[in-house]
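Okay, coords06.txt now, which holds compact mmCIF, C-alpha atoms:
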```txt
# COMPACT_ATOMS: atom_id res chain seq x y z
CA MET A 1486 -117.77 70.39 -59.95
CA HIS A 1487 -121.30 69.00 -59.89
CA LEU A 1488 -121.92 66.18 -62.37
CA PRO A 1489 -124.40 67.17 -65.14
CA LEU A 1490 -127.28 64.67 -65.05
CA ILE A 1491 -130.04 64.52 -67.66
CA TYR A 1492 -133.55 63.18 -66.97
CA HIS A 1493 -137.20 63.80 -67.85
CA ASP A 1494 -140.46 62.65 -66.25
CA ASP A 1495 -141.55 61.35 -69.68
CA TYR A 1496 -138.99 58.52 -69.35
CA SER A 1497 -141.25 56.13 -67.41
CA PRO A 1498 -144.71 56.24 -69.03
CA ALA A 1499 -147.53 54.01 -67.78
CA PHE A 1500 -146.66 50.47 -68.80
CA PRO A 1501 -147.91 46.89 -68.23
CA ALA A 1502 -146.52 45.90 -64.81
CA GLU A 1503 -145.81 42.30 -65.88
CA HIS A 1504 -143.89 43.29 -69.04
CA ARG A 1505 -140.31 42.03 -69.33
CA PHE A 1506 -138.97 45.52 -70.07
CA PRO A 1507 -138.61 47.46 -66.78
CA MET A 1508 -140.01 50.81 -67.98
CA ASP A 1509 -140.26 52.16 -64.43
CA LYS A 1510 -136.48 51.80 -63.89
CA PHE A 1511 -135.77 55.31 -65.16
CA ARG A 1512 -138.06 56.93 -62.57
CA LEU A 1513 -136.73 54.62 -59.86
CA LEU A 1514 -133.17 55.51 -60.86
CA ARG A 1515 -134.01 59.20 -60.46
CA ASP A 1516 -135.55 58.46 -57.06
CA HIS A 1517 -132.47 56.49 -56.00
CA LEU A 1518 -130.01 59.21 -57.05
CA VAL A 1519 -132.02 61.83 -55.15
CA ALA A 1520 -132.47 59.63 -52.06
CA SER A 1521 -128.76 58.77 -51.99
CA GLY A 1522 -127.87 62.48 -52.02
CA LEU A 1523 -126.11 62.52 -55.39
CA THR A 1524 -128.48 65.12 -56.82
CA THR A 1525 -131.79 66.87 -56.35
CA ASP A 1526 -134.74 66.72 -58.71
CA ALA A 1527 -134.37 70.45 -59.36
CA ALA A 1528 -130.72 70.01 -60.38
CA LEU A 1529 -131.53 67.48 -63.12
CA LEU A 1530 -131.37 68.89 -66.66
CA ARG A 1531 -134.56 68.33 -68.67
CA PRO A 1532 -134.06 67.68 -72.40
CA PRO A 1533 -136.26 68.83 -75.28
CA ILE A 1534 -137.76 66.35 -77.72
CA CYS A 1535 -135.35 65.39 -80.50
CA PRO A 1536 -136.51 66.93 -83.81
CA ASP A 1537 -137.33 64.57 -86.70
CA ASP A 1538 -134.64 66.23 -88.84
CA VAL A 1539 -132.02 65.16 -86.30
CA LEU A 1540 -133.43 61.62 -86.00
CA ALA A 1541 -133.25 61.43 -89.80
CA LEU A 1542 -129.46 61.76 -89.66
CA ALA A 1543 -129.46 58.09 -88.62
CA HIS A 1544 -132.96 56.82 -89.48
CA ASP A 1545 -135.29 56.46 -92.44
CA ARG A 1546 -137.86 59.29 -92.49
CA ASP A 1547 -140.69 56.93 -93.39
CA TYR A 1548 -139.81 54.72 -90.42
CA ILE A 1549 -139.74 57.76 -88.11
CA ALA A 1550 -143.21 58.79 -89.30
CA ARG A 1551 -144.64 55.26 -88.99
CA PHE A 1552 -143.45 54.97 -85.42
CA ARG A 1553 -144.52 58.46 -84.38
CA ASN A 1554 -148.01 57.80 -85.81
CA GLY A 1555 -148.38 54.32 -84.29
CA GLU A 1556 -148.34 52.64 -87.71
CA LEU A 1557 -145.55 50.08 -87.30
CA ALA A 1558 -146.12 46.82 -89.16
CA TYR A 1559 -146.87 43.76 -87.03
CA ALA A 1560 -143.44 42.28 -87.79
CA ASP A 1561 -141.76 45.47 -86.53
CA GLN A 1562 -143.90 45.48 -83.39
CA ARG A 1563 -142.78 41.92 -82.68
CA ARG A 1564 -139.12 42.80 -83.25
CA LEU A 1565 -139.49 45.77 -80.90
CA GLY A 1566 -141.22 43.93 -78.08
CA LEU A 1567 -142.90 47.04 -76.61
CA PRO A 1568 -146.60 48.00 -76.80
CA TRP A 1569 -146.99 51.29 -78.71
CA SER A 1570 -148.63 54.31 -77.10
CA GLU A 1571 -148.43 58.07 -77.59
CA ALA A 1572 -146.62 58.27 -74.26
CA LEU A 1573 -144.06 55.69 -75.44
CA ALA A 1574 -143.54 57.65 -78.68
CA ARG A 1575 -142.99 60.88 -76.73
CA ARG A 1576 -140.67 59.12 -74.30
CA THR A 1577 -138.63 57.68 -77.15
CA VAL A 1578 -137.87 60.95 -78.93
CA ARG A 1579 -137.41 62.76 -75.60
CA ALA A 1580 -134.76 60.22 -74.55
CA VAL A 1581 -132.78 60.77 -77.77
CA GLY A 1582 -132.95 64.48 -76.94
CA GLY A 1583 -131.57 63.55 -73.52
CA SER A 1584 -128.55 61.83 -75.02
CA LEU A 1585 -127.95 64.86 -77.25
CA LEU A 1586 -128.10 67.17 -74.23
CA ALA A 1587 -125.76 64.87 -72.30
CA ALA A 1588 -123.26 65.04 -75.18
CA GLU A 1589 -123.49 68.85 -75.25
CA GLN A 1590 -122.86 68.94 -71.50
CA ALA A 1591 -119.90 66.56 -71.80
CA LEU A 1592 -118.31 68.71 -74.50
CA GLN A 1593 -118.74 71.72 -72.22
CA HIS A 1594 -117.77 70.19 -68.86
CA GLY A 1595 -115.76 67.07 -69.75
CA ILE A 1596 -118.28 64.57 -68.43
CA ALA A 1597 -122.06 64.13 -68.21
CA CYS A 1598 -124.43 61.23 -67.56
CA HIS A 1599 -127.89 60.42 -68.85
CA LEU A 1600 -130.47 58.56 -66.76
CA ALA A 1601 -131.47 56.68 -69.94
CA GLY A 1602 -129.97 56.01 -73.39
CA GLY A 1603 -127.88 53.35 -75.04
CA THR A 1604 -130.57 52.09 -77.45
CA HIS A 1605 -128.07 50.23 -79.59
CA HIS A 1606 -130.33 47.60 -81.24
CA ALA A 1607 -132.35 50.16 -83.22
CA HIS A 1608 -131.60 49.98 -86.96
CA PHE A 1609 -131.89 52.48 -89.81
CA ASP A 1610 -135.45 51.53 -90.76
CA HIS A 1611 -136.74 49.17 -88.06
CA PRO A 1612 -136.75 48.64 -84.30
CA ALA A 1613 -135.36 45.63 -82.42
CA GLY A 1614 -134.75 44.43 -78.89
CA PHE A 1615 -136.72 47.17 -77.05
CA CYS A 1616 -134.88 49.87 -79.08
CA ILE A 1617 -136.67 52.26 -81.48
CA PHE A 1618 -134.23 55.06 -82.36
CA ASN A 1619 -130.48 54.63 -81.93
CA ASP A 1620 -129.31 57.52 -79.76
CA LEU A 1621 -125.65 56.51 -80.10
CA ALA A 1622 -125.84 56.79 -83.90
CA VAL A 1623 -127.98 59.95 -83.87
CA VAL A 1624 -125.65 61.79 -81.47
CA SER A 1625 -122.57 60.71 -83.42
CA ARG A 1626 -123.94 61.82 -86.79
CA TYR A 1627 -125.34 65.07 -85.39
CA LEU A 1628 -122.09 66.19 -83.75
CA LEU A 1629 -119.99 65.13 -86.74
CA GLU A 1630 -122.22 66.91 -89.27
CA ALA A 1631 -122.34 70.03 -87.09
CA GLY A 1632 -118.54 70.07 -86.96
CA ARG A 1633 -118.60 69.90 -83.16
CA VAL A 1634 -116.33 66.85 -83.21
CA HIS A 1635 -114.11 65.21 -85.81
CA ARG A 1636 -114.12 61.71 -84.32
CA VAL A 1637 -116.45 59.90 -81.91
CA LEU A 1638 -115.70 56.57 -80.22
CA ILE A 1639 -118.63 54.50 -78.97
CA PHE A 1640 -117.49 52.22 -76.14
CA ASP A 1641 -120.40 49.82 -75.71
CA CYS A 1642 -120.22 47.62 -72.61
CA ASP A 1643 -123.83 46.40 -72.72
CA VAL A 1644 -123.84 42.60 -72.51
CA HIS A 1645 -125.53 42.42 -75.94
CA GLN A 1646 -123.75 43.41 -79.14
CA GLY A 1647 -124.50 46.92 -80.42
CA ASP A 1648 -125.66 45.57 -83.78
CA GLY A 1649 -127.85 48.50 -84.79
CA THR A 1650 -125.11 51.02 -84.04
CA ALA A 1651 -122.57 49.02 -86.06
CA ARG A 1652 -124.85 48.77 -89.09
CA ILE A 1653 -126.02 52.41 -89.11
CA LEU A 1654 -122.49 53.77 -88.69
CA HIS A 1655 -120.78 51.24 -90.96
CA ASP A 1656 -120.11 53.92 -93.59
CA THR A 1657 -119.20 56.65 -91.10
CA PRO A 1658 -115.46 56.16 -90.51
CA GLU A 1659 -115.34 59.11 -88.08
CA ALA A 1660 -117.59 57.16 -85.69
CA ILE A 1661 -115.72 54.17 -84.26
CA THR A 1662 -117.94 51.41 -82.90
CA VAL A 1663 -116.52 49.21 -80.12
CA SER A 1664 -118.67 46.43 -78.62
CA LEU A 1665 -117.67 44.29 -75.62
CA HIS A 1666 -120.44 41.70 -75.36
CA CYS A 1667 -121.25 38.16 -74.32
CA GLU A 1668 -120.72 36.11 -77.48
CA GLN A 1669 -123.55 33.64 -76.85
CA ASN A 1670 -126.36 36.11 -76.41
CA PHE A 1671 -128.82 38.31 -78.32
CA PRO A 1672 -128.69 39.16 -81.19
CA ALA A 1673 -128.22 35.76 -82.79
CA ARG A 1674 -126.98 37.39 -86.01
CA LYS A 1675 -124.15 39.72 -85.05
CA ALA A 1676 -123.20 42.81 -87.05
CA GLN A 1677 -119.60 43.88 -87.68
CA SER A 1678 -118.47 46.68 -85.40
CA ASP A 1679 -115.13 48.39 -85.99
CA TRP A 1680 -113.98 46.48 -82.92
CA ASP A 1681 -115.92 43.48 -81.62
CA ILE A 1682 -114.68 41.98 -78.37
CA PRO A 1683 -116.77 38.82 -77.73
CA LEU A 1684 -116.67 37.50 -74.16
CA PRO A 1685 -117.37 33.96 -72.91
CA ARG A 1686 -120.37 33.21 -70.70
CA GLY A 1687 -119.63 33.29 -66.99
CA MET A 1688 -116.77 35.82 -67.13
CA GLY A 1689 -116.28 37.53 -63.76
CA ASP A 1690 -114.86 40.79 -62.45
CA GLY A 1691 -111.12 40.23 -62.80
CA ALA A 1692 -110.97 38.91 -66.35
CA TYR A 1693 -113.60 41.40 -67.55
CA LEU A 1694 -111.86 44.42 -66.07
CA GLN A 1695 -108.59 43.38 -67.69
CA VAL A 1696 -110.29 43.28 -71.11
CA VAL A 1697 -111.80 46.74 -70.55
CA GLU A 1698 -108.49 48.24 -69.46
CA ASP A 1699 -106.55 46.67 -72.33
CA ALA A 1700 -109.12 47.83 -74.88
CA LEU A 1701 -109.06 51.42 -73.62
CA ASN A 1702 -105.27 51.53 -73.41
CA TYR A 1703 -105.09 50.48 -77.05
CA LEU A 1704 -108.06 52.25 -78.64
CA LEU A 1705 -108.02 55.70 -77.01
CA PRO A 1706 -104.43 56.51 -78.07
CA LEU A 1707 -105.02 54.90 -81.47
CA TYR A 1708 -108.08 57.02 -82.39
CA GLN A 1709 -107.73 60.03 -80.08
CA PRO A 1710 -111.49 60.74 -80.26
CA ASP A 1711 -113.00 64.14 -79.48
CA LEU A 1712 -115.82 62.42 -77.56
CA VAL A 1713 -116.54 58.99 -76.08
CA LEU A 1714 -120.10 57.70 -75.82
CA TYR A 1715 -120.01 55.08 -73.08
CA ASP A 1716 -122.88 52.57 -72.97
CA ALA A 1717 -122.68 51.37 -69.36
CA GLY A 1718 -125.15 48.47 -69.56
CA VAL A 1719 -125.58 46.67 -66.22
CA ASP A 1720 -126.85 43.49 -67.89
CA VAL A 1721 -123.26 42.24 -67.34
CA HIS A 1722 -124.25 41.82 -63.66
CA LYS A 1723 -124.45 38.33 -62.15
CA ASP A 1724 -128.08 38.91 -61.10
CA ASP A 1725 -129.29 40.21 -64.48
CA ALA A 1726 -132.15 38.28 -66.07
CA LEU A 1727 -130.72 38.44 -69.63
CA GLY A 1728 -126.97 38.65 -69.14
CA TYR A 1729 -124.85 35.47 -68.70
CA LEU A 1730 -121.83 37.30 -67.29
CA GLN A 1731 -120.91 37.33 -63.58
CA LEU A 1732 -119.93 40.87 -62.57
CA THR A 1733 -120.60 42.04 -59.02
CA ASP A 1734 -121.62 45.55 -57.95
CA ALA A 1735 -117.95 46.23 -57.22
CA GLY A 1736 -116.97 44.97 -60.67
CA VAL A 1737 -119.50 47.24 -62.39
CA ALA A 1738 -118.26 50.23 -60.35
CA ALA A 1739 -114.63 49.42 -61.21
CA ARG A 1740 -115.53 49.16 -64.90
CA ASP A 1741 -117.33 52.50 -64.89
CA GLU A 1742 -114.52 54.26 -63.03
CA CYS A 1743 -111.93 52.75 -65.35
CA VAL A 1744 -113.69 53.98 -68.51
CA LEU A 1745 -114.38 57.46 -67.14
CA ARG A 1746 -110.90 57.93 -65.64
CA GLN A 1747 -109.18 56.76 -68.83
CA CYS A 1748 -111.13 59.32 -70.86
CA LEU A 1749 -110.68 62.24 -68.48
CA ALA A 1750 -106.97 61.48 -68.00
CA ARG A 1751 -106.59 62.00 -71.76
CA ASP A 1752 -108.81 65.13 -71.79
CA ILE A 1753 -111.44 63.27 -73.84
CA PRO A 1754 -115.03 64.32 -72.99
CA VAL A 1755 -117.17 61.31 -72.06
CA VAL A 1756 -120.93 60.71 -71.91
CA GLY A 1757 -122.35 57.95 -69.68
CA LEU A 1758 -125.54 56.23 -70.93
CA ILE A 1759 -127.22 53.53 -68.85
CA GLY A 1760 -127.83 50.84 -71.50
CA GLY A 1761 -129.51 47.56 -70.65
CA GLY A 1762 -130.43 46.05 -67.30
CA TYR A 1763 -133.21 43.57 -66.52
CA SER A 1764 -134.60 42.31 -63.23
CA LYS A 1765 -137.94 41.74 -61.55
CA ASP A 1766 -136.48 43.50 -58.49
CA ARG A 1767 -136.80 47.01 -59.91
CA GLN A 1768 -135.35 48.76 -56.85
CA ALA A 1769 -132.20 46.64 -57.02
CA LEU A 1770 -131.99 47.33 -60.75
CA ALA A 1771 -132.27 51.09 -60.20
CA ARG A 1772 -129.43 50.95 -57.65
CA ARG A 1773 -127.35 48.94 -60.14
CA HIS A 1774 -127.84 51.55 -62.87
CA GLY A 1775 -126.99 54.26 -60.33
CA ILE A 1776 -123.49 52.81 -59.98
CA LEU A 1777 -122.60 54.72 -63.17
CA HIS A 1778 -123.65 58.10 -61.80
CA HIS A 1779 -122.02 57.60 -58.39
CA SER A 1780 -118.83 56.40 -60.10
CA ALA A 1781 -118.84 59.49 -62.34
CA GLN A 1782 -119.17 61.83 -59.36
CA ARG A 1783 -116.30 60.01 -57.60
CA VAL A 1784 -114.10 60.39 -60.68
CA LEU A 1785 -114.95 64.10 -60.78
CA ASN A 1786 -114.21 64.57 -57.07
CA TYR A 1787 -111.00 62.53 -57.11
CA PRO A 1788 -109.66 62.70 -60.68
CA GLN A 1789 -106.45 60.87 -59.78
```
For the file at hand, write its structure as C-alpha cells.
Amino acid sequence: MHLPLIYHDDYSPAFPAEHRFPMDKFRLLRDHLVASGLTTDAALLRPPICPDDVLALAHDRDYIARFRNGELAYADQRRLGLPWSEALARRTVRAVGGSLLAAEQALQHGIACHLAGGTHHAHFDHPAGFCIFNDLAVVSRYLLEAGRVHRVLIFDCDVHQGDGTARILHDTPEAITVSLHCEQNFPARKAQSDWDIPLPRGMGDGAYLQVVEDALNYLLPLYQPDLVLYDAGVDVHKDDALGYLQLTDAGVAARDECVLRQCLARDIPVVGLIGGGYSKDRQALARRHGILHHSAQRVLNYPQ
C-alpha cells in the first residue's frame, strides 16, 4: 500500500528569511520526500481550507474572526511570534484542513501522515508559541461529534508540552491527552494533560525509547482508542535549536516506528503530524522531519 501523504503549496508562504520560525520547512520537506523517491508531487493529497464552523468546535468564534481579519491584539501577536499576513491566515486554516484530511485517510487506510500539523500551543481564544489554531483539538472534537470515533488518544512527542491541547480538551474525556516533553522547557507554566511524562534535559536515545515503549504498552490497552493522533516533533533531536534532549536521527526513526507499529499491531488507525523542529540549516531540518514519513512507509511495507 502507498502511504497517504497530505500537503498543500499554501504551507510555506513568503516569510522573513531571518525569522526564528522555519516557515519554508514544509516546502523543503515536500521537496525532500519527492527527491528521496518516497512520493511524487502528483500523489500528494491536497486539503481544503478548514471551515470556521469546524474550527469553532475547539476555538472561540470571536478569536477565529479576529485572526482571519488580521485584528489580533498586540499582546496576542507577541504570544504568537509570527507576523500576520493574508497568506499566513490562509496557510493556517488550510493546515488544519490537512490534519482533518489526514485523519480521514487514517480511518480509511489505517495510517496517514501530514507534512504539517501538531500546533499544540494554540488555546481556545488566543495563540501561543507559533501556534494559532490547535489541529489536534479540532480533529478530535470534529471526529467525536460526528460519531466517527468514540475515543481519540493524542500521543504528543514534541519536546514542548502540549499545553493548549490539554486545556482545550480538559472537559472532553473521550479525547485523552498524553504529553512526553522536556520538563525544563517552554511553556514555563505547564497545563495538566491526562498523562504528562516530563523528561530530564539531556536524555538520549535509549532511555527515551524505553519511556515511549512503556507508555504505549500501558496506555493503548488501557484506553483502546479508535484513533491515535501522533505529534512527531523532531525538536527532541540533539541538533535542534530549542530542544534540550539528545536524540539522534536513528533514535527519532526508532521512536516513530515504535509508535506506528504499536498502533497498527492493535488495529488502531494512526495519524502522523510533524510537530516542532527548529534549525538554521533548513535542509537538514526537512530531512529530520522526513524521518516520520519514511518510517511510516517502512512500517507499511514490513508490518512485522
query: Given the choices A:Leu1745, A:Ala1726, A:Ala1622, A:Leu1557, which gets closest to Asp1766 of chain A if the distance is worked out from all atoms listed in the file?
result: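 Among A:Leu1745, A:Ala1726, A:Ala1622, A:Leu1557, it is A:Ala1726 that comes nearest to Asp1766 of chain A.
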- request: Pick out the closest residue to Gln1593 of chain A from this set: A:Cys1743, A:Val1697, A:Leu1488, A:Ala1771. Count only C-alpha atoms.
  value: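 Going through A:Cys1743, A:Val1697, A:Leu1488, A:Ala1771 one by one, the smallest distance to Gln1593 of chain A is for A:Leu1488.
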- prompt: Closest to Arg1652 of chain A among A:Leu1684, A:Ala1543, A:Cys1616, A:Leu1707, using all atoms listed in the file?
  reply: A:Ala1543
Around (-125.5, 42.3, -86.7), as given in the file, which residues come within 7 Å? Count all atoms listed in the file and list them as an mmCIF file with C-alpha atoms, in the coordinates of the input.
```
data_model
loop_
_atom_site.group_PDB
_atom_site.id
_atom_site.type_symbol
_atom_site.label_atom_id
_atom_site.label_comp_id
_atom_site.auth_asym_id
_atom_site.auth_seq_id
_atom_site.Cartn_x
_atom_site.Cartn_y
_atom_site.Cartn_z
ATOM 1 C CA ASP A 1648 -125.660 45.570 -83.780
ATOM 2 C CA GLY A 1649 -127.850 48.500 -84.790
ATOM 3 C CA ARG A 1652 -124.850 48.770 -89.090
ATOM 4 C CA ARG A 1674 -126.980 37.390 -86.010
ATOM 5 C CA LYS A 1675 -124.150 39.720 -85.050
ATOM 6 C CA ALA A 1676 -123.200 42.810 -87.050
ATOM 7 C CA GLN A 1677 -119.600 43.880 -87.680
#
```
message: So, with all atoms listed in the file as the atoms that count, which of A:Arg1576, A:Arg1740, A:His1606, A:His1722 lies closest to Val1644 of chain A?
response: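 Among the listed residues, A:His1722 lies closest to Val1644 of chain A.
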- prompt: Around (-126.8, 52.0, -62.8) in the file's own coordinates, what residues are found within 12 Å if you use all atoms listed in the file, given back as a PyMOL selection string?
  reply: chain A and resi 1510-1511+1513-1515+1517-1518+1598-1602+1643+1716-1722+1734-1735+1737-1738+1740-1741+1757-1763+1767-1781
